[in-house]
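Read the structure below first, then the notes.
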Amino acid sequence: MEITNYAVLACILFAIGATTVLLRRNAIVVFMGVELMLNATNLAFVTFARVHGDVTGQVLAFFVMVVAAAEVVVGLAIIVTIFRTRRSASVDDVNLLKG
Amino acid sequence: MIPDFTAPLIDWAALAPLLVVLGAGVVGVLVEAFVPDAVRRATQITLALAALAATVVLIVLRWGLIVGSDGAPGVSDVLVGGTVMVTPFALALQGTIVVLAFLGALVVADRTSSGQDAFAPTAAAVPGTSYEDLARRAGLQQTEVYPLLMFATGGMMLFVATDDLLMMFVALEVLSLPLYVLCATARRRRLLSQEAAAKYFLLGAFASALFIFGVALIYGFAGTVRLIGDEDKPGVIRRVLSGDAPLDGMTVLVVAGILLVLVGLLFKLGAVPFHAWTPDVYAGAPTPITGFMAACTKVAAVGALVKVLYTLVVGLPPEVGEQLRTVVIVVAILTMALGTVVGAVQTDIKRLLAYSSIAHAGFLLVAVAGINLESLRAVLFYMVAYGVATVGAFGVVTLVRERTVVPGRADGADGEDGVVLGEATHLSQWAGLGRRAPWLTAAFALFLLSMAGIPLTAGFVAKFGAFGAAVAGDLWWLAVVGVLASVVAVFFYVRVIVLMMFTPPAEEQLLAGAEARAQEAATGTGDEAEAAEASSGAEPAGGGVATETRTEVARTVVTVVGSRGPAAVAIAVCAVATLVLGVFPGPVLELAGEAIKFVP
Amino acid sequence: MTNPYVPVLVLMAVAAVLALGGVAASAVIGPKRYNRAKLDAYECGIEPTPHATGGGRLPIKYYLVAMTFIVFDIEVVFLYPWAVDFTTLATFGLVAMLGFLALITVPFVYEWRRGGFDWV
């Protein structure tokens, strides 16, 4: 298969993730959108590594994975704290700071 | 295709500043694990401040080596095979960050005469539950704050001193993740605090995802994530210049990549249109953390932005560079306009300072858009001036509090009765502060004047330099826009000063305070006096509840709590620095001039 | 019998026999005493509760488990490529990896000392 297809797929996934972040209201789903973006990035890295024939891209993908995991830990902690307080994970309910 | 492995040479001495700060963070985690409760807080504070002070010394020592003497070049600034690159400019930024972090940590460490610091006893407890009460009564403390501060500072130091976009991404996360957590730890108005953390986190994670995808595109274009690189491993611009980027010709890839990377950096900087998080996060986070975040993060973000932008604008084909510059100019104008205009109608002191910081991001971008060495010097000086004013101003905000009035003595006179509550952030509560605390008010006025750019303060010299840099870059019209924006900005700073100094303190304004209090009760507080209300605060305000609480909490007055030392020292140092830099800016400007040896 | 993949085939056969055999043996000879808990839906060990109004209770300790898991999950991400290229990376790699492991241990110690594992 043409290798650019993978790059295109990465872009599509990234766009889907970004759209999720911008449109969805549930904090967990928003966060999943971010994760999708990061994984699309991984796909892009690995694809380009293949194109260039060097392993740098693959190593970069590892780093992105690690960072994504760290973000999950911190992000879930924050979201769960809010959820326990409010019994809701909707970002629309999180609106005390409007103004 | 795997190249032979040669272990990179690691110059430990050169890395020492970074390692000391991050090491203090790691040791701090172990302190949390093993040191008994009674001495833990003191240990953490000592460790954090000692590490930051030692880092300042190490940076000064390194400075002598790296700048070199009289035309002779200093030691190499490329470390660990190029992933860390401590140019004099980066070192100067690191020094600024560490000094500001030190001042910020002093404010964080201050418990004030109310005997409480700004952090929740256990940030994980649900506001208004018996568990929270229990934790408060047991005197638990969230001393994890200090290691988190260390990690954030370390991340910022790495952020400005790397040639490797991946390392920049890692540093971005290392500085962001602790800040997200720190935002959620406020002792009072806990729902606001948690909300701030959630917003900051979701938007921040989104921005980092954009950043790293940008890096992926740049990697796709150039086959490397190094910006400059060296002879063996040429970076992006070397490959572009020599025309051997693997996908040479697909410029759209690299332009899209750079734009995404810029979005990530502009987000951290709080520039329009990526500013939406700033007011909410600044208002919701614990105030000492806001001060630290506002000052240090901005330095780090500007440092990284300058690094990326200047390397690429110089290195890429001229038309691409020109387009990038246009982007920066547009963002600068939008940022200045929005920061000053929206800032002028704020009624909350923390939000006002937040919009002020957005406006300052705009002024900084004016300097950055100049794209010349003069800009770099201006940026450095601006960061120092803005940083000390910001840390100082937020330090003052931590000391202006609300206090309940014991029934029967509701005269609002100064006294030790009543319980000190959270910060009195509503502007109307600041009326007449000059009579209660003349020195504090004077310091705050000085910081505001500096932010406004009035002569004889550091802010004036900084703004002069910034607009001068724009003119030097043939952008005189942008400088004019900047001057106009700062004239508008003067209005809202002076409004606050007039309010503090010349408006009578308003016990008759209790109503306004009561409204703020009612809102606070509705948004969940964590205070001894309010354990009962806090339970109602757990649910976002039902109308009846809010009215009821209002009558109950209406009797609060504004009070100024005494500092227990550290915050006072920090505010004093900031005030003196603001004045000295305004009157004798020469030495610092000279230092900044030495620091602008940028690309090796 | 010179094909080098034959041992792999044998290993797979042994594994299949063990796995299937275990299931089959317990189905044939194991005692069968059902009670309510055994017939209930399996939800990671917690009692499956119908969702109460407002979302029901969240057993927060499982988030701790998840986060701890992620720490070690990540550790493996870096250990794996290092193990693959262990000989080339030589001493430098070993020292770097030991440093990395030591750093990973620090939060683990923190979690342990602060009662993160007390739910067991």
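In the structure tokens, chains take letters A, B, ... by order of appearance, with residues numbered from 1 within each chain and ligands from 1 in the order shown.
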Margin query: I'd like the neighbourhood of stretch 64-78 of chain A as number ranges by chain, where a residue qualifies if any of its atoms comes within 10 Å (using only C-alpha atoms), though same-chain residues fewer than 5 positions away should be ignored.
Written below: A: 27-28, 31-32, 34-35, 38-39, 41-42, 45, 58-59, 83; B: 124, 166, 169-170, 173-174, 176-178, 180-181, 183-184, 194-195, 197-199, 201-202, 205, 209, 212; C: 60, 63-64, 66-68, 70-71, 73-75, 77-78
(request) Name the residues in contact with stretch 16-20 of chain A at a cut-off of 6 Å, using only C-alpha atoms, excluding same-chain residues fewer than 4 positions from it; report them as an NGL selection string. (result) :A and (24 or 33 or 36-37)
request  = May I ask you to extract the residues of chain C within 8 Å of chain B, using only C-alpha atoms, and to give them as number ranges by chain?
outcome  = C: 88-89, 92, 103, 106-107, 109-111, 113-114
Inset, instruction - Give me every strand (DSSP E or B) residue in stretch 137-356 of chain B, going by DSSP on the backbone, as a list in words. - result: Asp164, Ala186, Arg226, Gly229, Pro234 and Asp348 of chain B
What would the file look like if the residues just selected were written as a PDB file, in the first residue's frame with N, CA and C atoms?
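Final output, out11.pdb:
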ATOM      1  N   ASP B 164      16.166  20.569  20.627  1.00  0.00           N
ATOM      2  CA  ASP B 164      15.510  19.371  20.147  1.00  0.00           C
ATOM      3  C   ASP B 164      14.013  19.538  20.386  1.00  0.00           C
ATOM      4  N   ALA B 186      -6.255  24.851  45.858  1.00  0.00           N
ATOM      5  CA  ALA B 186      -6.559  26.020  46.695  1.00  0.00           C
ATOM      6  C   ALA B 186      -7.300  25.606  47.955  1.00  0.00           C
ATOM      7  N   ARG B 226      15.795  18.063  15.414  1.00  0.00           N
ATOM      8  CA  ARG B 226      16.716  19.090  15.900  1.00  0.00           C
ATOM      9  C   ARG B 226      16.523  20.348  15.092  1.00  0.00           C
ATOM     10  N   GLY B 229      21.115  21.621  15.095  1.00  0.00           N
ATOM     11  CA  GLY B 229      21.935  20.432  14.902  1.00  0.00           C
ATOM     12  C   GLY B 229      23.405  20.772  14.752  1.00  0.00           C
ATOM     13  N   PRO B 234      22.780  17.113  11.087  1.00  0.00           N
ATOM     14  CA  PRO B 234      22.240  18.426  10.762  1.00  0.00           C
ATOM     15  C   PRO B 234      20.786  18.543  11.190  1.00  0.00           C
ATOM     16  N   ASP B 348     -12.688  41.877  39.269  1.00  0.00           N
ATOM     17  CA  ASP B 348     -12.001  40.983  40.187  1.00  0.00           C
ATOM     18  C   ASP B 348     -10.510  41.215  40.018  1.00  0.00           C
TER      19      ASP B 348
END
Problem set entry | Interatomic distance (Å, one decimal) between atom CA of B:Leu338 and atom CA of B:Leu210 |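 Atom CA of B:Leu210 lies at a distance of 23.5 Å from atom CA of B:Leu338.
Here the question is which of B:Leu9, B:Met167, B:Ala53, B:Leu47 gets nearest to chain A using only C-alpha atoms, and that residue is B:Met167.
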Interface residues on chain B facing chain A, 6 Å, only C-alpha atoms, written as a PDB file with C-alpha atoms, in the first residue's frame:
ATOM      1  CA  VAL B 126     -14.469  16.362  48.245  1.00  0.00           C
ATOM      2  CA  PHE B 206      -5.086  20.049  23.529  1.00  0.00           C
ATOM      3  CA  ALA B 209      -1.234  17.650  21.200  1.00  0.00           C
ATOM      4  CA  PHE B 213       1.680  16.918  15.803  1.00  0.00           C
ATOM      5  CA  ALA B 216       5.645  15.174  13.645  1.00  0.00           C
ATOM      6  CA  GLY B 220       8.257  14.269   8.216  1.00  0.00           C
ATOM      7  CA  ASP B 280     -10.156  31.515  34.643  1.00  0.00           C
TER       8      ASP B 280
END
Separation of atom CA of B:Ser113 and atom CA of B:Thr347, in Å?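 Atom CA of B:Ser113 sits 26.8 Å away from atom CA of B:Thr347.
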Separating atom CA of B:Glu402 from atom CA of B:Leu427, to the nearest tenth of an Å, is a gap of 12.6 Å
